[in-house]
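The file coords-v7.cif comes next; it holds mmCIF, C-alpha atoms.
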data_my_file
#
loop_
_atom_site.group_PDB
_atom_site.id
_atom_site.type_symbol
_atom_site.label_atom_id
_atom_site.label_comp_id
_atom_site.auth_asym_id
_atom_site.auth_seq_id
_atom_site.Cartn_x
_atom_site.Cartn_y
_atom_site.Cartn_z
ATOM 1 C CA MET O 550 22.207 2.388 14.495
ATOM 2 C CA LEU O 551 20.261 4.740 12.270
ATOM 3 C CA GLY O 552 22.703 7.641 12.227
ATOM 4 C CA ILE O 553 23.400 10.510 9.872
ATOM 5 C CA GLU O 554 27.055 11.315 9.396
ATOM 6 C CA THR O 555 28.134 14.867 8.686
ATOM 7 C CA ASN O 556 30.671 17.364 9.949
ATOM 8 C CA GLU O 557 28.230 20.232 10.190
ATOM 9 C CA GLU O 558 26.473 20.204 13.563
ATOM 10 C CA SER O 559 23.777 22.650 12.540
ATOM 11 C CA PHE O 560 23.015 20.540 9.515
ATOM 12 C CA VAL O 561 22.653 17.491 11.733
ATOM 13 C CA ASP O 562 20.133 19.341 13.898
ATOM 14 C CA LYS O 563 18.159 20.291 10.825
ATOM 15 C CA ILE O 564 18.109 16.738 9.554
ATOM 16 C CA ILE O 565 17.058 15.270 12.882
ATOM 17 C CA ALA O 566 14.329 17.872 13.274
ATOM 18 C CA LEU O 567 12.926 17.132 9.859
ATOM 19 C CA LEU O 568 13.283 13.412 9.832
ATOM 20 C CA CYS O 569 10.274 11.403 10.774
ATOM 21 C CA ILE O 570 9.451 7.767 10.467
ATOM 22 C CA ILE O 571 5.740 7.311 10.395
ATOM 23 C CA LYS O 572 3.253 4.615 9.808
ATOM 24 C CA ILE O 573 0.349 5.373 7.556
ATOM 25 C CA GLY O 574 -2.102 2.767 8.608
ATOM 26 C CA SER O 575 -5.755 2.094 8.896
ATOM 27 C CA GLY O 576 -6.125 4.725 11.623
ATOM 28 C CA GLY O 577 -5.701 7.402 8.988
ATOM 29 C CA LEU O 578 -8.278 5.763 6.787
ATOM 30 C CA MET O 579 -10.794 5.866 9.599
ATOM 31 C CA GLY O 580 -10.331 9.540 10.270
ATOM 32 C CA LYS O 581 -8.134 9.141 13.334
ATOM 33 C CA VAL O 582 -5.350 11.406 12.088
ATOM 34 C CA SER O 583 -5.352 14.718 10.319
ATOM 35 C CA TYR O 584 -2.502 14.123 7.873
ATOM 36 C CA SER O 585 -2.329 12.336 4.561
ATOM 37 C CA LEU O 586 0.363 11.105 2.216
ATOM 38 C CA ASP O 587 0.232 14.460 0.438
ATOM 39 C CA ASP O 588 1.762 16.055 3.526
ATOM 40 C CA PHE O 589 4.998 14.140 3.074
ATOM 41 C CA GLU O 590 7.898 13.615 0.724
ATOM 42 C CA THR O 591 8.851 9.975 0.324
ATOM 43 C CA VAL O 592 12.550 9.178 0.779
ATOM 44 C CA ILE O 593 13.290 5.465 0.754
ATOM 45 C CA GLY O 594 11.898 2.096 1.764
ATOM 46 C CA LEU O 595 13.555 0.349 4.692
ATOM 47 C CA SER O 596 12.075 -3.037 5.377
ATOM 48 C CA TYR O 597 9.005 -5.143 5.592
ATOM 49 C CA GLU O 598 7.982 -7.769 8.061
ATOM 50 C CA SER O 599 5.583 -10.628 7.893
ATOM 51 C CA ILE O 600 2.690 -11.381 10.193
ATOM 52 C CA VAL O 601 1.512 -14.913 10.809
ATOM 53 C CA LEU O 602 -1.548 -16.739 12.025
ATOM 54 C CA ALA O 603 -0.719 -18.871 15.050
ATOM 55 C CA THR O 604 -2.516 -21.319 17.273
ATOM 56 C CA LYS O 605 -1.748 -23.441 20.295
ATOM 57 C CA ALA O 606 0.439 -26.437 19.548
ATOM 58 C CA ASN O 607 -2.175 -28.771 21.006
ATOM 59 C CA SER O 608 -5.003 -27.176 19.008
ATOM 60 C CA ASP O 609 -7.274 -29.242 16.795
ATOM 61 C CA TYR O 610 -6.575 -26.733 14.044
ATOM 62 C CA LYS O 611 -3.278 -27.671 12.448
ATOM 63 C CA SER O 612 -3.914 -25.808 9.192
ATOM 64 C CA SER O 613 -6.166 -23.213 7.596
ATOM 65 C CA ALA O 614 -8.098 -26.130 6.071
ATOM 66 C CA ASN O 615 -8.827 -27.400 9.585
ATOM 67 C CA LEU O 616 -10.154 -23.956 10.507
ATOM 68 C CA LYS O 617 -12.451 -23.998 7.496
ATOM 69 C CA ASN O 618 -13.954 -27.289 8.650
ATOM 70 C CA ALA O 619 -14.332 -26.213 12.265
ATOM 71 C CA LYS O 620 -17.609 -27.195 13.856
ATOM 72 C CA GLU O 621 -17.434 -24.391 16.409
ATOM 73 C CA ILE O 622 -17.119 -20.636 16.025
ATOM 74 C CA ILE O 623 -13.462 -19.697 15.909
ATOM 75 C CA LYS O 624 -12.352 -17.169 18.511
ATOM 76 C CA TYR O 625 -9.560 -14.888 17.384
ATOM 77 C CA GLY O 626 -7.595 -12.372 19.405
ATOM 78 C CA SER O 627 -7.425 -8.727 18.463
ATOM 79 C CA SER O 628 -6.548 -5.652 20.452
ATOM 80 C CA GLY O 629 -8.294 -3.260 18.057
ATOM 81 C CA THR O 630 -10.027 -3.148 14.714
ATOM 82 C CA ARG O 631 -7.610 -0.614 13.199
ATOM 83 C CA GLY O 632 -4.524 -2.784 13.246
ATOM 84 C CA LEU O 633 -3.267 -5.323 10.748
ATOM 85 C CA PRO O 634 -3.688 -8.211 13.233
ATOM 86 C CA HIS O 635 -7.415 -7.600 13.202
ATOM 87 C CA LEU O 636 -7.794 -6.720 9.525
ATOM 88 C CA SER O 637 -5.761 -9.725 8.374
ATOM 89 C CA GLN O 638 -7.671 -12.235 10.473
ATOM 90 C CA ALA O 639 -11.096 -10.760 9.741
ATOM 91 C CA THR O 640 -10.339 -10.737 6.015
ATOM 92 C CA PHE O 641 -9.120 -14.329 6.028
ATOM 93 C CA PHE O 642 -12.165 -15.598 7.911
ATOM 94 C CA ARG O 643 -14.459 -13.696 5.573
ATOM 95 C CA LYS O 644 -12.767 -14.997 2.411
ATOM 96 C CA ALA O 645 -12.678 -18.552 3.758
ATOM 97 C CA GLY O 646 -16.287 -18.437 4.894
ATOM 98 C CA ILE O 647 -15.266 -19.288 8.440
ATOM 99 C CA GLU O 648 -17.565 -18.222 11.231
ATOM 100 C CA ALA O 649 -15.364 -16.387 13.687
ATOM 101 C CA THR O 650 -15.748 -13.964 16.533
ATOM 102 C CA ARG O 651 -13.299 -11.449 17.870
ATOM 103 C CA TYR O 652 -12.037 -11.712 21.418
ATOM 104 C CA LEU O 653 -10.856 -8.315 22.602
ATOM 105 C CA ILE O 654 -7.371 -8.428 24.017
ATOM 106 C CA THR O 655 -6.421 -5.314 25.943
ATOM 107 C CA GLY O 656 -2.988 -3.865 26.337
ATOM 108 C CA GLY O 657 -1.764 -4.957 22.954
ATOM 109 C CA GLU O 658 -0.560 -8.308 24.254
ATOM 110 C CA HIS O 659 -1.816 -11.030 21.946
ATOM 111 C CA LEU O 660 -0.296 -14.029 23.655
ATOM 112 C CA MET F 1105 -3.979 -17.360 23.574
ATOM 113 C CA LEU F 1106 -1.691 -19.145 26.000
ATOM 114 C CA ARG F 1107 -4.493 -18.847 28.568
ATOM 115 C CA GLN F 1108 -6.872 -20.648 26.203
ATOM 116 C CA HIS F 1109 -9.129 -17.625 25.591
ATOM 117 C CA VAL F 1110 -8.780 -17.693 21.809
ATOM 118 C CA ASP F 1111 -8.134 -20.273 19.124
ATOM 119 C CA VAL F 1112 -5.847 -18.179 16.945
ATOM 120 C CA VAL F 1113 -3.984 -14.864 16.879
ATOM 121 C CA THR F 1114 -1.971 -12.918 14.351
ATOM 122 C CA ALA F 1115 1.404 -11.521 15.375
ATOM 123 C CA HIS F 1116 4.919 -10.832 14.195
ATOM 124 C CA PRO F 1117 6.970 -14.034 13.979
ATOM 125 C CA GLY F 1118 9.762 -12.564 16.091
ATOM 126 C CA LYS F 1119 7.367 -12.392 18.992
ATOM 127 C CA LEU F 1120 6.166 -15.943 18.504
ATOM 128 C CA ILE F 1121 9.365 -17.824 17.750
ATOM 129 C CA PRO F 1122 10.295 -18.392 21.438
ATOM 130 C CA TYR F 1123 6.909 -20.060 21.937
ATOM 131 C CA ILE F 1124 7.365 -22.111 18.779
ATOM 132 C CA LYS F 1125 10.720 -23.333 20.052
ATOM 133 C CA SER F 1126 9.226 -24.201 23.441
ATOM 134 C CA GLY F 1127 6.498 -26.207 21.748
ATOM 135 C CA GLU F 1128 3.606 -24.044 22.956
ATOM 136 C CA LEU F 1129 2.514 -22.499 19.666
ATOM 137 C CA LEU F 1130 2.170 -23.524 16.043
ATOM 138 C CA LEU F 1131 2.341 -21.217 13.031
ATOM 139 C CA LEU F 1132 -0.393 -21.919 10.494
ATOM 140 C CA ASN F 1133 0.122 -19.515 7.605
ATOM 141 C CA ILE F 1134 1.957 -16.348 6.755
ATOM 142 C CA PHE F 1135 0.012 -13.334 5.501
ATOM 143 C CA SER F 1136 2.816 -11.951 3.315
ATOM 144 C CA SER F 1137 2.969 -12.802 -0.376
ATOM 145 C CA GLU F 1138 6.174 -14.775 0.088
ATOM 146 C CA ARG F 1139 7.772 -16.953 2.741
ATOM 147 C CA PHE F 1140 10.316 -15.611 5.208
ATOM 148 C CA ASP F 1141 13.702 -17.214 5.904
ATOM 149 C CA LEU F 1142 13.340 -17.694 9.647
ATOM 150 C CA ILE F 1143 10.024 -19.500 9.201
ATOM 151 C CA SER F 1144 10.539 -20.921 5.729
ATOM 152 C CA ASP F 1145 8.463 -24.011 6.548
ATOM 153 C CA VAL F 1146 5.336 -21.883 7.072
ATOM 154 C CA PRO F 1147 3.274 -21.592 3.871
ATOM 155 C CA THR F 1148 1.709 -18.346 2.751
ATOM 156 C CA PHE F 1149 -2.034 -17.895 2.546
ATOM 157 C CA LYS F 1150 -1.567 -17.343 -1.186
ATOM 158 C CA GLU F 1151 -0.190 -20.877 -1.451
ATOM 159 C CA GLN F 1152 -3.386 -22.081 0.211
ATOM 160 C CA GLY F 1153 -5.497 -20.285 -2.384
ATOM 161 C CA TYR F 1154 -6.327 -17.106 -0.484
ATOM 162 C CA ASP F 1155 -5.542 -13.775 -2.117
ATOM 163 C CA LEU F 1156 -4.145 -12.156 1.013
ATOM 164 C CA ASP F 1157 -1.106 -9.936 1.398
ATOM 165 C CA PHE F 1158 -0.596 -8.228 4.742
ATOM 166 C CA SER F 1159 2.855 -7.074 5.788
ATOM 167 C CA VAL F 1160 4.261 -4.315 7.965
ATOM 168 C CA TRP F 1161 6.212 -1.870 5.820
ATOM 169 C CA LYS F 1162 8.750 0.585 7.170
ATOM 170 C CA PHE F 1163 9.992 3.543 5.206
ATOM 171 C CA ILE F 1164 11.314 7.056 5.593
ATOM 172 C CA LEU F 1165 9.221 10.146 4.938
ATOM 173 C CA VAL F 1166 9.917 13.808 5.596
ATOM 174 C CA PRO F 1167 7.467 16.701 5.738
ATOM 175 C CA LYS F 1168 6.370 18.198 2.440
ATOM 176 C CA GLY F 1169 8.611 21.019 1.294
ATOM 177 C CA VAL F 1170 11.919 19.692 2.569
ATOM 178 C CA ASP F 1171 14.792 20.698 0.299
ATOM 179 C CA PRO F 1172 15.249 17.984 -2.371
ATOM 180 C CA GLU F 1173 18.964 18.106 -1.679
ATOM 181 C CA ILE F 1174 18.323 17.009 1.901
ATOM 182 C CA VAL F 1175 15.977 14.280 0.688
ATOM 183 C CA LYS F 1176 18.747 13.043 -1.597
ATOM 184 C CA ILE F 1177 21.262 13.035 1.254
ATOM 185 C CA LEU F 1178 18.870 11.060 3.404
ATOM 186 C CA TYR F 1179 18.260 8.563 0.616
ATOM 187 C CA ASP F 1180 21.991 8.058 0.074
ATOM 188 C CA LYS F 1181 22.723 7.680 3.786
ATOM 189 C CA PHE F 1182 19.955 5.201 4.440
ATOM 190 C CA TYR F 1183 20.787 3.267 1.285
ATOM 191 C CA ALA F 1184 24.409 3.022 2.398
ATOM 192 C CA LEU F 1185 23.267 1.951 5.837
ATOM 193 C CA MET F 1186 21.327 -0.915 4.343
ATOM 194 C CA GLN F 1187 24.523 -2.266 2.779
ATOM 195 C CA ASP F 1188 26.153 -2.383 6.208
ATOM 196 C CA LEU F 1189 26.853 -5.899 7.466
ATOM 197 C CA GLU F 1190 25.673 -5.114 11.006
ATOM 198 C CA PHE F 1191 22.373 -3.811 9.688
ATOM 199 C CA THR F 1192 21.830 -6.741 7.341
ATOM 200 C CA GLU F 1193 22.501 -9.171 10.195
ATOM 201 C CA PHE F 1194 20.060 -7.252 12.388
ATOM 202 C CA THR F 1195 17.295 -7.451 9.806
ATOM 203 C CA LYS F 1196 17.964 -11.124 9.142
ATOM 204 C CA ASN F 1197 17.910 -12.040 12.826
ATOM 205 C CA ASN F 1198 14.676 -10.141 13.358
ATOM 206 C CA ASN F 1199 12.786 -11.642 10.445
ATOM 207 C CA LEU F 1200 12.812 -8.387 8.494
ATOM 208 C CA LYS F 1201 13.392 -8.112 4.774
ATOM 209 C CA MET F 1202 15.284 -5.089 3.553
ATOM 210 C CA ASN F 1203 13.431 -3.065 1.005
ATOM 211 C CA PRO F 1204 15.539 -0.135 -0.230
ATOM 212 C CA ILE F 1205 13.070 1.004 -2.874
ATOM 213 C CA SER F 1206 13.098 4.507 -4.336
ATOM 214 C CA ASP F 1207 10.966 7.451 -3.265
ATOM 215 C CA GLU F 1208 8.633 6.946 -6.223
ATOM 216 C CA GLU F 1209 8.224 3.267 -5.446
ATOM 217 C CA VAL F 1210 7.502 4.056 -1.787
ATOM 218 C CA ARG F 1211 4.796 6.505 -2.824
ATOM 219 C CA GLU F 1212 3.276 4.081 -5.312
ATOM 220 C CA ASN F 1213 3.321 1.313 -2.718
ATOM 221 C CA LEU F 1214 1.718 3.527 -0.081
ATOM 222 C CA ILE F 1215 -1.021 4.631 -2.460
ATOM 223 C CA ASN F 1216 -1.757 0.991 -3.273
ATOM 224 C CA GLN F 1217 -1.685 -0.013 0.392
ATOM 225 C CA ILE F 1218 -3.992 2.812 1.421
ATOM 226 C CA ARG F 1219 -6.417 1.910 -1.357
ATOM 227 C CA ALA F 1220 -6.351 -1.803 -0.528
ATOM 228 C CA ILE F 1221 -6.736 -1.325 3.227
ATOM 229 C CA GLY F 1222 -9.504 1.198 2.606
ATOM 230 C CA GLU F 1223 -11.400 -1.350 0.553
ATOM 231 C CA ILE F 1224 -10.963 -3.951 3.283
ATOM 232 C CA ILE F 1225 -12.246 -1.538 5.913
ATOM 233 C CA ASP F 1226 -15.308 -0.865 3.765
ATOM 234 C CA VAL F 1227 -15.936 -4.555 3.150
ATOM 235 C CA LEU F 1228 -15.610 -5.361 6.843
ATOM 236 C CA GLY F 1229 -17.847 -2.432 7.728
ATOM 237 C CA LEU F 1230 -15.376 -0.963 10.190
ATOM 238 C CA THR F 1231 -15.604 2.564 11.531
ATOM 239 C CA THR F 1232 -13.808 4.539 14.204
ATOM 240 C CA ASN F 1233 -16.408 3.264 16.668
ATOM 241 C CA ASN F 1234 -15.546 -0.431 16.218
#
Go through the file and emit its structure as structure tokens.
Amino acid sequence: MLGIETNEESFVDKIIALLCIIKIGSGGLMGKVSYSLDDFETVIGLSYESIVLATKANSDYKSSANLKNAKEIIKYGSSGTRGLPHLSQATFFRKAGIEATRYLITGGEHL
Amino acid sequence: MLRQHVDVVTAHPGKLIPYIKSGELLLLNIFSSERFDLISDVPTFKEQGYDLDFSVWKFILVPKGVDPEIVKILYDKFYALMQDLEFTEFTKNNNLKMNPISDEEVRENLINQIRAIGEIIDVLGLTTNN
């Protein structure tokens, strides 16, 4: 779907070779990659997507207020500390003063 | 989570919606600053009084030094693409919001995101060894 239209084949090759869609995330901030924003020219924004906090339908926690009043330590799933799923949850629990512990989920499958 | 190992998880709504429809999962709050159409009944954390704003942004970058003329062509092509009905339907059906902001706005947003995430990493005490 993401195509570049032109009649010049060599120009197409050049465009495709130069084009890159990257994610500058927390990995870069933790020294995992050797590039920075200064290594790139920005072109255009495409989209953004939400992330949500979910629980089991039969959970006792039907809202974030319920989580705040939990009598037990909340266990939250995270496949790694560098991703938004971990950062978002850890930040929420910290701001809400909720005692929570991370449960490592391997393979990137959260469900 | 479906195996009862954890109480909560964070994920993209598109991945969770089948489980919401089947009655297995419940969405508590959305981390973005505003609600999304496909899950418009799910309140944001901001609405609950938490200053949180986490979203997954997608944008186009090219290596430094690319001819500005090529950058302009890319901008025009992608902008035109985002007006395409097929593309708008795709984004809508996948819980994405289009965001055709300019190169300067992308850079400003990235700088802000990098700064904000960096502060969070410091506050949480995370390192590459975590």
List the neighbours of Ile622 of chain O out to 12 Å using only C-alpha atoms; skip same-chain residues closer than 4 positions along the sequence, and give me the result as a PyMOL selection string. (chain O and resi 616-618+642+646-652) or (chain F and resi 1110-1112)
Dump as a PyMOL selection string the residues of chain F that approach chain O to within 7 Å, counting only C-alpha atoms. chain F and resi 1105-1106+1110-1117+1127-1136+1158-1168+1175+1179+1181+1199-1207+1210-1211+1221-1222+1231-1232+1234
When you draw a straight line from atom CA of Phe1149 of chain F to atom CA of Ala1220 of chain F, how long is it in Å?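 Computing the Euclidean distance for atom CA of Phe1149 of chain F and atom CA of Ala1220 of chain F yields 16.9 Å.
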So how far away is atom CA of Pro1122 of chain F from atom CA of Leu1189 of chain F, in Å?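 Distance reported for this atom pair: 25.0 Å.
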Atomic distance atom CA of Ile1218 of chain F - atom CA of Thr1148 of chain F, expressed in Å with one decimal: 22.0 Å
Protein, DNA and RNA residues within 6 Å of (10.6, -8.1, 16.6), all atoms listed in the file, as a VMD selection string: chain F and resid 1118 to 1119 1198
Rank nothing, just name the residue among F:Leu1228, F:Glu1209, F:Asn1197, F:Arg1219 nearest to Phe1140 of chain F, using only C-alpha atoms. F:Asn1197
